[in-house]
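The file structure-v8.cif comes next; it holds mmCIF, C-alpha atoms (C1' of nucleotides).
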```cif
data_start
#
loop_
_atom_site.group_PDB
_atom_site.id
_atom_site.type_symbol
_atom_site.label_atom_id
_atom_site.label_comp_id
_atom_site.auth_asym_id
_atom_site.auth_seq_id
_atom_site.Cartn_x
_atom_site.Cartn_y
_atom_site.Cartn_z
ATOM 1 C CA MET A 137 116.943 147.330 163.853
ATOM 2 C CA SER A 138 115.588 150.507 162.355
ATOM 3 C CA ARG A 139 113.360 151.362 159.478
ATOM 4 C CA SER A 140 114.247 153.995 156.948
ATOM 5 C CA ASN A 141 113.159 157.521 157.635
ATOM 6 C CA PRO A 142 110.885 158.326 154.661
ATOM 7 C CA ARG A 143 112.283 161.844 154.360
ATOM 8 C CA VAL A 144 115.661 160.379 153.498
ATOM 9 C CA LEU A 145 114.318 158.436 150.549
ATOM 10 C CA SER A 146 112.334 161.426 149.386
ATOM 11 C CA THR A 147 115.447 163.595 149.552
ATOM 12 C CA LEU A 148 117.494 161.065 147.632
ATOM 13 C CA GLU A 149 114.813 161.101 144.952
ATOM 14 C CA ARG A 150 114.850 164.873 144.826
ATOM 15 C CA ALA A 151 118.651 164.780 144.479
ATOM 16 C CA GLY A 152 118.256 163.001 141.180
ATOM 17 C CA GLY A 153 118.330 159.575 142.747
ATOM 18 C CA PHE A 154 122.070 159.792 143.199
ATOM 19 C CA ALA A 155 123.969 161.185 146.177
ATOM 20 C CA SER A 156 126.293 160.435 149.063
ATOM 21 C CA ALA A 157 125.112 160.251 152.656
ATOM 22 C CA GLN A 158 126.813 163.550 153.418
ATOM 23 C CA GLU A 159 125.106 165.184 150.467
ATOM 24 C CA VAL A 160 121.696 163.930 151.464
ATOM 25 C CA TYR A 161 122.345 165.243 154.957
ATOM 26 C CA ARG A 162 123.479 168.689 153.755
ATOM 27 C CA LEU A 163 120.513 168.886 151.424
ATOM 28 C CA MET A 164 118.075 168.174 154.222
ATOM 29 C CA GLN A 165 119.751 170.726 156.448
ATOM 30 C CA ARG A 166 119.620 173.358 153.761
ATOM 31 C CA GLU A 167 115.923 172.646 153.386
ATOM 32 C CA GLY A 168 115.395 173.150 157.073
ATOM 33 C CA GLU A 169 114.663 169.524 157.897
ATOM 34 C CA SER A 170 115.662 168.486 161.363
ATOM 35 C CA ILE A 171 117.570 165.233 161.151
ATOM 36 C CA GLY A 172 120.833 163.781 162.393
ATOM 37 C CA LEU A 173 123.645 162.497 160.231
ATOM 38 C CA THR A 174 123.432 159.163 162.011
ATOM 39 C CA THR A 175 119.829 158.719 160.972
ATOM 40 C CA VAL A 176 120.697 159.512 157.370
ATOM 41 C CA TYR A 177 123.343 156.793 157.389
ATOM 42 C CA ARG A 178 121.037 154.332 159.052
ATOM 43 C CA SER A 179 118.208 155.033 156.685
ATOM 44 C CA LEU A 180 120.368 154.631 153.601
ATOM 45 C CA GLN A 181 121.772 151.422 155.018
ATOM 46 C CA SER A 182 118.303 150.109 155.535
ATOM 47 C CA LEU A 183 117.248 151.095 152.029
ATOM 48 C CA VAL A 184 120.229 149.167 150.719
ATOM 49 C CA ASN A 185 119.222 146.095 152.717
ATOM 50 C CA ASP A 186 115.732 146.339 151.304
ATOM 51 C CA LYS A 187 117.251 146.661 147.848
ATOM 52 C CA ILE A 188 115.451 149.935 147.244
ATOM 53 C CA VAL A 189 118.719 151.711 146.595
ATOM 54 C CA ASP A 190 122.129 150.379 145.770
ATOM 55 C CA VAL A 191 125.506 151.670 146.616
ATOM 56 C CA LEU A 192 128.604 152.426 144.536
ATOM 57 C CA ARG A 193 131.881 154.109 145.303
ATOM 58 C CA ARG A 194 133.211 157.373 143.985
ATOM 59 C CA ASP A 195 136.839 157.502 142.937
ATOM 60 C CA ASP A 196 137.646 159.101 146.278
ATOM 61 C CA GLY A 197 136.042 156.220 148.114
ATOM 62 C CA GLU A 198 132.913 157.994 149.238
ATOM 63 C CA ALA A 199 129.822 155.820 149.026
ATOM 64 C CA ILE A 200 127.076 157.037 146.756
ATOM 65 C CA TYR A 201 123.540 155.793 146.985
ATOM 66 C CA ARG A 202 121.233 155.552 144.071
ATOM 67 C CA LEU A 203 117.671 154.439 143.541
ATOM 68 C CA CYS A 204 117.696 151.250 141.584
ATOM 69 C CA GLY A 205 115.276 150.193 138.968
ATOM 70 C CA ASP A 206 113.641 146.847 139.400
ATOM 71 C CA ALA A 207 115.700 144.378 137.382
ATOM 72 C CA HIS A 208 119.148 143.172 138.284
ATOM 73 C CA HIS A 209 121.614 145.298 136.381
ATOM 74 C CA HIS A 210 125.205 146.410 136.353
ATOM 75 C CA HIS A 211 126.871 149.785 136.026
ATOM 76 C CA LEU A 212 129.125 151.498 133.586
ATOM 77 C CA VAL A 213 130.660 154.313 135.595
ATOM 78 C CA CYS A 214 132.716 157.245 134.361
ATOM 79 C CA LYS A 215 135.879 157.755 136.416
ATOM 80 C CA GLY A 216 135.826 161.419 135.456
ATOM 81 C CA CYS A 217 132.353 162.747 136.106
ATOM 82 C CA GLY A 218 130.723 159.835 137.892
ATOM 83 C CA ASP A 219 128.067 159.552 135.232
ATOM 84 C CA THR A 220 126.507 156.130 135.345
ATOM 85 C CA VAL A 221 124.776 153.976 132.785
ATOM 86 C CA GLU A 222 122.758 150.948 133.781
ATOM 87 C CA ILE A 223 123.538 148.010 131.564
ATOM 88 C CA GLU A 224 122.391 144.482 130.986
ATOM 89 C CA GLY A 225 124.573 141.665 132.203
ATOM 90 C CA GLY A 226 123.243 138.587 130.469
ATOM 91 C CA ALA A 227 126.732 137.337 129.722
ATOM 92 C CA ILE A 228 127.747 137.757 133.342
ATOM 93 C CA GLU A 229 124.829 135.856 134.746
ATOM 94 C CA LYS A 230 125.720 132.891 132.625
ATOM 95 C CA TRP A 231 129.434 133.156 133.459
ATOM 96 C CA ALA A 232 128.802 133.371 137.183
ATOM 97 C CA LYS A 233 126.489 130.389 137.095
ATOM 98 C CA THR A 234 128.889 128.266 135.068
ATOM 99 C CA MET A 235 131.891 129.061 137.232
ATOM 100 C CA ALA A 236 130.007 128.496 140.457
ATOM 101 C CA GLU A 237 128.754 125.122 139.299
ATOM 102 C CA GLU A 238 132.191 124.091 138.200
ATOM 103 C CA PHE A 239 133.470 124.559 141.753
ATOM 104 C CA GLY A 240 130.380 123.276 143.501
ATOM 105 C CA PHE A 241 129.216 126.586 144.960
ATOM 106 C CA ARG A 242 125.595 127.149 145.961
ATOM 107 C CA GLU A 243 123.474 130.223 146.645
ATOM 108 C CA VAL A 244 125.499 132.221 144.217
ATOM 109 C CA GLY A 245 125.480 135.949 143.667
ATOM 110 C CA HIS A 246 127.867 138.268 141.914
ATOM 111 C CA THR A 247 129.021 141.802 141.469
ATOM 112 C CA ALA A 248 130.347 143.345 138.308
ATOM 113 C CA GLU A 249 131.103 146.864 137.324
ATOM 114 C CA ILE A 250 132.759 148.510 134.386
ATOM 115 C CA PHE A 251 134.519 151.821 134.663
ATOM 116 C CA GLY A 252 136.264 154.109 132.242
ATOM 117 C CA LEU A 253 136.144 157.593 130.798
ATOM 118 C CA CYS A 254 133.007 158.700 129.037
ATOM 119 C CA GLN A 255 132.990 160.700 125.817
ATOM 120 C CA LYS A 256 132.755 164.045 127.578
ATOM 121 C CA CYS A 257 135.647 163.381 129.927
ATOM 122 C CA MET B 295 157.703 164.642 144.308
ATOM 123 C CA SER B 296 158.933 161.189 145.085
ATOM 124 C CA ARG B 297 159.827 158.091 143.169
ATOM 125 C CA SER B 298 158.403 154.737 144.069
ATOM 126 C CA ASN B 299 160.304 152.607 146.505
ATOM 127 C CA PRO B 300 161.128 149.473 144.482
ATOM 128 C CA ARG B 301 160.438 147.174 147.416
ATOM 129 C CA VAL B 302 156.816 148.272 147.360
ATOM 130 C CA LEU B 303 156.345 147.206 143.771
ATOM 131 C CA SER B 304 158.114 143.947 144.415
ATOM 132 C CA THR B 305 155.857 143.271 147.374
ATOM 133 C CA LEU B 306 152.757 144.068 145.380
ATOM 134 C CA GLU B 307 153.916 141.562 142.797
ATOM 135 C CA ARG B 308 154.519 138.939 145.436
ATOM 136 C CA ALA B 309 151.021 139.590 146.799
ATOM 137 C CA GLY B 310 149.557 138.371 143.546
ATOM 138 C CA GLY B 311 149.496 141.805 141.987
ATOM 139 C CA PHE B 312 146.436 142.737 143.989
ATOM 140 C CA ALA B 313 146.403 144.317 147.442
ATOM 141 C CA SER B 314 145.531 147.380 149.502
ATOM 142 C CA ALA B 315 148.143 149.784 150.846
ATOM 143 C CA GLN B 316 147.600 148.486 154.344
ATOM 144 C CA GLU B 317 148.078 144.933 153.171
ATOM 145 C CA VAL B 318 151.284 145.735 151.346
ATOM 146 C CA TYR B 319 152.510 147.457 154.478
ATOM 147 C CA ARG B 320 151.617 144.563 156.775
ATOM 148 C CA LEU B 321 153.227 142.140 154.374
ATOM 149 C CA MET B 322 156.464 144.066 154.345
ATOM 150 C CA GLN B 323 156.463 144.288 158.116
ATOM 151 C CA ARG B 324 155.889 140.587 158.473
ATOM 152 C CA GLU B 325 158.831 139.998 156.186
ATOM 153 C CA GLY B 326 160.998 142.173 158.356
ATOM 154 C CA GLU B 327 161.352 145.044 155.903
ATOM 155 C CA SER B 328 161.798 148.417 157.476
ATOM 156 C CA ILE B 329 159.415 150.850 155.827
ATOM 157 C CA GLY B 330 156.836 153.412 156.898
ATOM 158 C CA LEU B 331 153.195 153.337 155.998
ATOM 159 C CA THR B 332 153.542 156.794 154.495
ATOM 160 C CA THR B 333 156.153 155.577 152.055
ATOM 161 C CA VAL B 334 153.947 152.686 151.013
ATOM 162 C CA TYR B 335 151.129 155.092 150.219
ATOM 163 C CA ARG B 336 153.432 157.444 148.372
ATOM 164 C CA SER B 337 154.996 154.671 146.360
ATOM 165 C CA LEU B 338 151.681 153.213 145.313
ATOM 166 C CA GLN B 339 150.460 156.687 144.384
ATOM 167 C CA SER B 340 153.495 157.180 142.239
ATOM 168 C CA LEU B 341 153.062 153.810 140.562
ATOM 169 C CA VAL B 342 149.512 154.803 139.743
ATOM 170 C CA ASN B 343 150.700 158.070 138.199
ATOM 171 C CA ASP B 344 153.171 156.178 136.092
ATOM 172 C CA LYS B 345 150.380 153.827 135.089
ATOM 173 C CA ILE B 346 152.313 150.835 136.336
ATOM 174 C CA VAL B 347 149.492 149.864 138.642
ATOM 175 C CA ASP B 348 145.883 150.871 138.703
ATOM 176 C CA VAL B 349 143.543 151.324 141.543
ATOM 177 C CA LEU B 350 140.083 150.020 142.275
ATOM 178 C CA ARG B 351 137.841 150.157 145.295
ATOM 179 C CA ARG B 352 136.720 147.316 147.454
ATOM 180 C CA ASP B 353 133.103 147.191 148.521
ATOM 181 C CA ASP B 354 134.125 148.611 151.877
ATOM 182 C CA GLY B 355 135.789 151.580 150.199
ATOM 183 C CA GLU B 356 139.393 150.539 150.725
ATOM 184 C CA ALA B 357 141.585 151.204 147.700
ATOM 185 C CA ILE B 358 143.197 148.181 146.143
ATOM 186 C CA TYR B 359 146.159 148.400 143.815
ATOM 187 C CA ARG B 360 146.878 145.978 141.052
ATOM 188 C CA LEU B 361 149.587 145.659 138.460
ATOM 189 C CA CYS B 362 148.197 146.642 135.128
ATOM 190 C CA GLY B 363 148.676 144.518 132.140
ATOM 191 C CA ASP B 364 148.620 141.675 134.585
ATOM 192 C CA ALA B 365 146.568 138.906 133.046
ATOM 193 C CA HIS B 366 143.958 139.557 135.607
ATOM 194 C CA HIS B 367 141.638 137.058 137.116
ATOM 195 C CA HIS B 368 138.520 137.124 139.194
ATOM 196 C CA HIS B 369 137.521 135.516 142.447
ATOM 197 C CA LEU B 370 134.985 133.009 143.564
ATOM 198 C CA VAL B 371 134.564 133.633 147.274
ATOM 199 C CA CYS B 372 132.797 131.488 149.846
ATOM 200 C CA LYS B 373 130.467 133.498 152.077
ATOM 201 C CA GLY B 374 130.874 130.877 154.768
ATOM 202 C CA CYS B 375 134.566 130.224 155.196
ATOM 203 C CA GLY B 376 136.082 132.940 153.023
ATOM 204 C CA ASP B 377 137.853 130.409 150.856
ATOM 205 C CA THR B 378 138.742 131.907 147.504
ATOM 206 C CA VAL B 379 139.257 130.414 144.087
ATOM 207 C CA GLU B 380 140.894 132.338 141.271
ATOM 208 C CA ILE B 381 138.990 131.968 138.059
ATOM 209 C CA GLU B 382 139.208 132.969 134.447
ATOM 210 C CA GLY B 383 137.002 135.733 133.196
ATOM 211 C CA GLY B 384 137.188 135.503 129.432
ATOM 212 C CA ALA B 385 133.486 136.065 129.022
ATOM 213 C CA ILE B 386 133.659 139.139 131.228
ATOM 214 C CA GLU B 387 136.472 140.770 129.316
ATOM 215 C CA LYS B 388 134.473 140.557 126.152
ATOM 216 C CA TRP B 389 131.314 141.794 127.815
ATOM 217 C CA ALA B 390 133.059 144.768 129.402
ATOM 218 C CA LYS B 391 134.690 145.734 126.156
ATOM 219 C CA THR B 392 131.490 145.459 124.163
ATOM 220 C CA MET B 393 129.442 147.461 126.644
ATOM 221 C CA ALA B 394 132.072 150.149 126.990
ATOM 222 C CA GLU B 395 132.336 150.591 123.247
ATOM 223 C CA GLU B 396 128.599 150.775 122.884
ATOM 224 C CA PHE B 397 128.546 153.819 125.163
ATOM 225 C CA GLY B 398 131.764 155.385 123.916
ATOM 226 C CA PHE B 399 133.842 154.807 127.039
ATOM 227 C CA ARG B 400 137.644 154.778 126.928
ATOM 228 C CA GLU B 401 140.360 153.429 129.247
ATOM 229 C CA VAL B 402 138.059 150.775 130.461
ATOM 230 C CA GLY B 403 138.525 148.455 133.374
ATOM 231 C CA HIS B 404 136.173 146.291 135.344
ATOM 232 C CA THR B 405 135.612 144.383 138.548
ATOM 233 C CA ALA B 406 133.693 141.169 138.920
ATOM 234 C CA GLU B 407 133.349 138.768 141.757
ATOM 235 C CA ILE B 408 131.220 135.753 142.428
ATOM 236 C CA PHE B 409 130.226 134.715 145.901
ATOM 237 C CA GLY B 410 128.289 131.800 147.300
ATOM 238 C CA LEU B 411 128.616 128.824 149.617
ATOM 239 C CA CYS B 412 131.269 126.237 148.902
ATOM 240 C CA GLN B 413 130.702 122.508 149.217
ATOM 241 C CA LYS B 414 132.064 122.327 152.747
ATOM 242 C CA CYS B 415 129.852 125.110 154.083
ATOM 243 C "C1'" DA C 28 98.209 156.408 181.779
ATOM 244 C "C1'" DT C 29 102.147 152.681 181.618
ATOM 245 C "C1'" DG C 30 105.732 149.811 180.000
ATOM 246 C "C1'" DG C 31 108.567 148.318 176.582
ATOM 247 C "C1'" DA C 32 110.263 148.430 171.923
ATOM 248 C "C1'" DA C 33 111.924 151.184 168.201
ATOM 249 C "C1'" DA C 34 113.901 155.510 166.576
ATOM 250 C "C1'" DT C 35 116.821 159.343 167.167
ATOM 251 C "C1'" DG C 36 121.001 162.112 167.408
ATOM 252 C "C1'" DA C 37 125.153 164.034 169.838
ATOM 253 C "C1'" DA C 38 129.412 162.758 170.811
ATOM 254 C "C1'" DA C 39 133.109 159.493 170.738
ATOM 255 C "C1'" DA C 40 135.445 155.842 168.294
ATOM 256 C "C1'" DT C 41 137.303 153.780 164.060
ATOM 257 C "C1'" DC C 42 139.865 153.444 160.069
ATOM 258 C "C1'" DA C 43 141.940 154.500 155.689
ATOM 259 C "C1'" DT C 44 144.327 158.100 153.766
ATOM 260 C "C1'" DT C 45 146.790 162.625 153.550
ATOM 261 C "C1'" DT C 46 149.521 166.245 155.338
ATOM 262 C "C1'" DT C 47 153.201 168.250 158.050
ATOM 263 C "C1'" DC C 48 157.624 168.635 159.288
ATOM 264 C "C1'" DA C 49 161.942 167.402 161.112
ATOM 265 C "C1'" DT C 50 165.465 164.122 159.994
ATOM 266 C "C1'" DT C 51 168.206 161.187 157.027
ATOM 267 C "C1'" DT C 52 170.118 159.836 152.720
ATOM 268 C "C1'" DG C 53 172.040 160.396 148.159
ATOM 269 C "C1'" DT C 54 174.487 163.059 144.767
ATOM 270 C "C1'" DG C 55 177.190 166.201 142.466
ATOM 271 C "C1'" DA C 56 180.499 169.917 142.696
ATOM 272 C "C1'" DT C 57 184.630 171.542 144.777
ATOM 273 C "C1'" DA D 298 186.868 163.976 151.772
ATOM 274 C "C1'" DT D 299 183.770 167.841 152.482
ATOM 275 C "C1'" DC D 300 180.074 170.870 151.661
ATOM 276 C "C1'" DA D 301 175.487 172.028 149.961
ATOM 277 C "C1'" DC D 302 171.259 170.957 148.439
ATOM 278 C "C1'" DA D 303 167.542 168.116 146.625
ATOM 279 C "C1'" DA D 304 164.928 164.012 147.289
ATOM 280 C "C1'" DA D 305 163.231 160.390 150.318
ATOM 281 C "C1'" DT D 306 161.624 158.890 154.637
ATOM 282 C "C1'" DG D 307 158.578 158.148 158.534
ATOM 283 C "C1'" DA D 308 156.435 159.500 163.038
ATOM 284 C "C1'" DA D 309 152.864 161.942 164.439
ATOM 285 C "C1'" DA D 310 148.983 164.889 163.694
ATOM 286 C "C1'" DA D 311 145.104 166.110 160.735
ATOM 287 C "C1'" DT D 312 141.255 164.865 157.841
ATOM 288 C "C1'" DG D 313 137.019 162.964 156.508
ATOM 289 C "C1'" DA D 314 133.714 159.382 155.909
ATOM 290 C "C1'" DT D 315 131.452 155.978 158.418
ATOM 291 C "C1'" DT D 316 130.143 153.341 162.652
ATOM 292 C "C1'" DT D 317 129.296 152.719 167.440
ATOM 293 C "C1'" DT D 318 127.688 154.017 171.957
ATOM 294 C "C1'" DC D 319 124.416 155.419 174.843
ATOM 295 C "C1'" DA D 320 121.128 158.350 176.896
ATOM 296 C "C1'" DT D 321 116.831 160.354 175.510
ATOM 297 C "C1'" DT D 322 112.527 160.680 173.029
ATOM 298 C "C1'" DT D 323 108.690 158.894 170.379
ATOM 299 C "C1'" DC D 324 105.278 155.222 169.413
ATOM 300 C "C1'" DC D 325 102.106 151.749 170.336
ATOM 301 C "C1'" DA D 326 99.587 148.300 172.473
ATOM 302 C "C1'" DT D 327 97.637 147.215 176.736
#
```
Mind converting the file's structure to structure tokens?
Amino acid sequence: MSRSNPRVLSTLERAGGFASAQEVYRLMQREGESIGLTTVYRSLQSLVNDKIVDVLRRDDGEAIYRLCGDAHHHHLVCKGCGDTVEIEGGAIEKWAKTMAEEFGFREVGHTAEIFGLCQKC
Amino acid sequence: MSRSNPRVLSTLERAGGFASAQEVYRLMQREGESIGLTTVYRSLQSLVNDKIVDVLRRDDGEAIYRLCGDAHHHHLVCKGCGDTVEIEGGAIEKWAKTMAEEFGFREVGHTAEIFGLCQKC
DNA sequence: ATGGAAATGAAAATCATTTTCATTTGTGAT
DNA sequence: ATCACAAATGAAAATGATTTTCATTTCCAT
């Protein structure tokens, strides 16, 4: 086990609450912080487990970490610029619950994401 | 430049219109087809360019290719045994479309998956 | 101080994907 | 049929993010 290094979270915040592990690492280096890439990965991982940040994927497959607000939400992601909008998923919650019940599933969770090109792109 | 090897498309279809490059490759191998991994990647790439398939990302970052225009479905996956049920997502389609329009997004796609424990587990 | 648990990071391992490059195949002109 | 050249192929190497290993260091509680 390992707890998150607080400097990692603070750097992610400073990055606009949105960055890849490599970016967080480079940022910390540039700012003269002494930290290893491994620790950055581990810290982000741990923040994800604690649901303090969540993780998406760029088009190129790189994982990007972002501070999440409190409520359960979904994302509308631009394939072009990566811009992300947090959206409500009331319809999804109901759908997931209905489907799960229909097939007798318990302890149900779900993922849902919408992607496309935003106005600018 | 290179055109898509038709056997790749045919295999992707046979896979349910939904698979990663590695999976397509393994499938073709298992079926005794002689093809290189490189060609599989190139063919899928080319199919994406021609907008015959589109590409999403799994949670683990692996790219998955799927025939577009395919009446696509979603999955209900058991966390215990991995059993998967294909389900309809009518409600999702509408939700995705509505949300995307609201924020002015174009060329919209989406992913959605439900997971939980099935009756047996 | 002392021992053990947790944290750290350098280096190696992993894995999907891309690039390189030499070879093979297909095609059209002669 | 033969020649010439473009396109396709695939083995192997390169790339790049992420994970694992493991030896070392830091923290605490006693």
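Taking atom CA of Ala313 of chain B as the reference point, atom CA of Asp348 of chain B is found at 10.9 Å.
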(Q) Could you list, as a ChimeraX atom specification, every residue matched by the PyMOL selection byres ((chain B) within 9 of (chain C)) in this structure? (A) /B:316,332,335,355-357
When the cut-off is 6 Å and we count all atoms listed in the file, which residues of chain B are near chain A, given as a short mmCIF file (atom, residue, chain, number, x, y, z; two decimals) with C-alpha atoms, in the frame of the given file?
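Produced file out12.cif, reproduced below:
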```cif
data_model
loop_
_atom_site.label_atom_id
_atom_site.label_comp_id
_atom_site.auth_asym_id
_atom_site.auth_seq_id
_atom_site.Cartn_x
_atom_site.Cartn_y
_atom_site.Cartn_z
CA GLY B 355 135.79 151.58 150.20
CA GLY B 398 131.76 155.38 123.92
CA PHE B 399 133.84 154.81 127.04
CA ARG B 400 137.64 154.78 126.93
CA GLU B 401 140.36 153.43 129.25
CA VAL B 402 138.06 150.78 130.46
CA GLY B 403 138.52 148.46 133.37
CA HIS B 404 136.17 146.29 135.34
CA THR B 405 135.61 144.38 138.55
CA ALA B 406 133.69 141.17 138.92
CA GLU B 407 133.35 138.77 141.76
CA ILE B 408 131.22 135.75 142.43
CA PHE B 409 130.23 134.72 145.90
CA GLY B 410 128.29 131.80 147.30
CA LEU B 411 128.62 128.82 149.62
CA CYS B 412 131.27 126.24 148.90
CA GLN B 413 130.70 122.51 149.22
#
```
Quick one: contact table of chain D to chain B, 10 Å max, nearest atom pair and distance in Å to one decimal per residue, counting only C-alpha atoms (C1' of nucleotides), chain and number order, as a tab-separated table?
```
residue	atom	partner	partner_atom	distance
D:DA304	C1'	B:Ser296	CA	7.0
D:DA305	C1'	B:Ser296	CA	6.8
D:DT306	C1'	B:Thr333	CA	6.9
D:DG307	C1'	B:Gly330	CA	5.3
D:DA308	C1'	B:Gly330	CA	8.7
D:DA314	C1'	B:Gly355	CA	9.9
```
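Matched residue by residue and fitted by least squares, the Cα atoms of chain B sit at an RMSD of 4.0 Å from chain A.
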Selection near Val334 of chain B, 12 Å with all atoms listed in the file, sequence-local residues under 6 positions removed, as a short mmCIF file (atom, residue, chain, number, x, y, z; two decimals) with C-alpha atoms (C1' of nucleotides), keeping the file's coordinate frame:
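Result saved to result.cif:
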```
data_model
loop_
_atom_site.label_atom_id
_atom_site.label_comp_id
_atom_site.auth_asym_id
_atom_site.auth_seq_id
_atom_site.Cartn_x
_atom_site.Cartn_y
_atom_site.Cartn_z
CA SER B 296 158.93 161.19 145.08
CA ARG B 297 159.83 158.09 143.17
CA SER B 298 158.40 154.74 144.07
CA ASN B 299 160.30 152.61 146.50
CA PRO B 300 161.13 149.47 144.48
CA ARG B 301 160.44 147.17 147.42
CA VAL B 302 156.82 148.27 147.36
CA LEU B 303 156.34 147.21 143.77
CA SER B 304 158.11 143.95 144.42
CA THR B 305 155.86 143.27 147.37
CA LEU B 306 152.76 144.07 145.38
CA ALA B 313 146.40 144.32 147.44
CA SER B 314 145.53 147.38 149.50
CA ALA B 315 148.14 149.78 150.85
CA GLN B 316 147.60 148.49 154.34
CA GLU B 317 148.08 144.93 153.17
CA VAL B 318 151.28 145.74 151.35
CA TYR B 319 152.51 147.46 154.48
CA ARG B 320 151.62 144.56 156.78
CA LEU B 321 153.23 142.14 154.37
CA MET B 322 156.46 144.07 154.34
CA GLN B 323 156.46 144.29 158.12
CA GLU B 327 161.35 145.04 155.90
CA SER B 328 161.80 148.42 157.48
CA SER B 340 153.50 157.18 142.24
CA LEU B 341 153.06 153.81 140.56
CA TYR B 359 146.16 148.40 143.82
"C1'" DT C 44 144.33 158.10 153.77
"C1'" DT D 306 161.62 158.89 154.64
"C1'" DG D 307 158.58 158.15 158.53
#
```
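For the pair atom CA of Arg202 of chain A and atom CA of Glu149 of chain A, the interatomic distance is 8.5 Å.
We find atom CA of Gly153 of chain A and atom CA of Asn185 of chain A to be spaced 16.8 Å apart.
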Mind giving me the axis-aligned box for segment 312-320 of chain D with 5 Å on every side, centre plus edges in Å to one decimal, as AutoDock Vina command-line options?
```
--center_x 131.2 --center_y 158.8 --center_z 166.4 --size_x 30.1 --size_y 22.1 --size_z 31.0
```
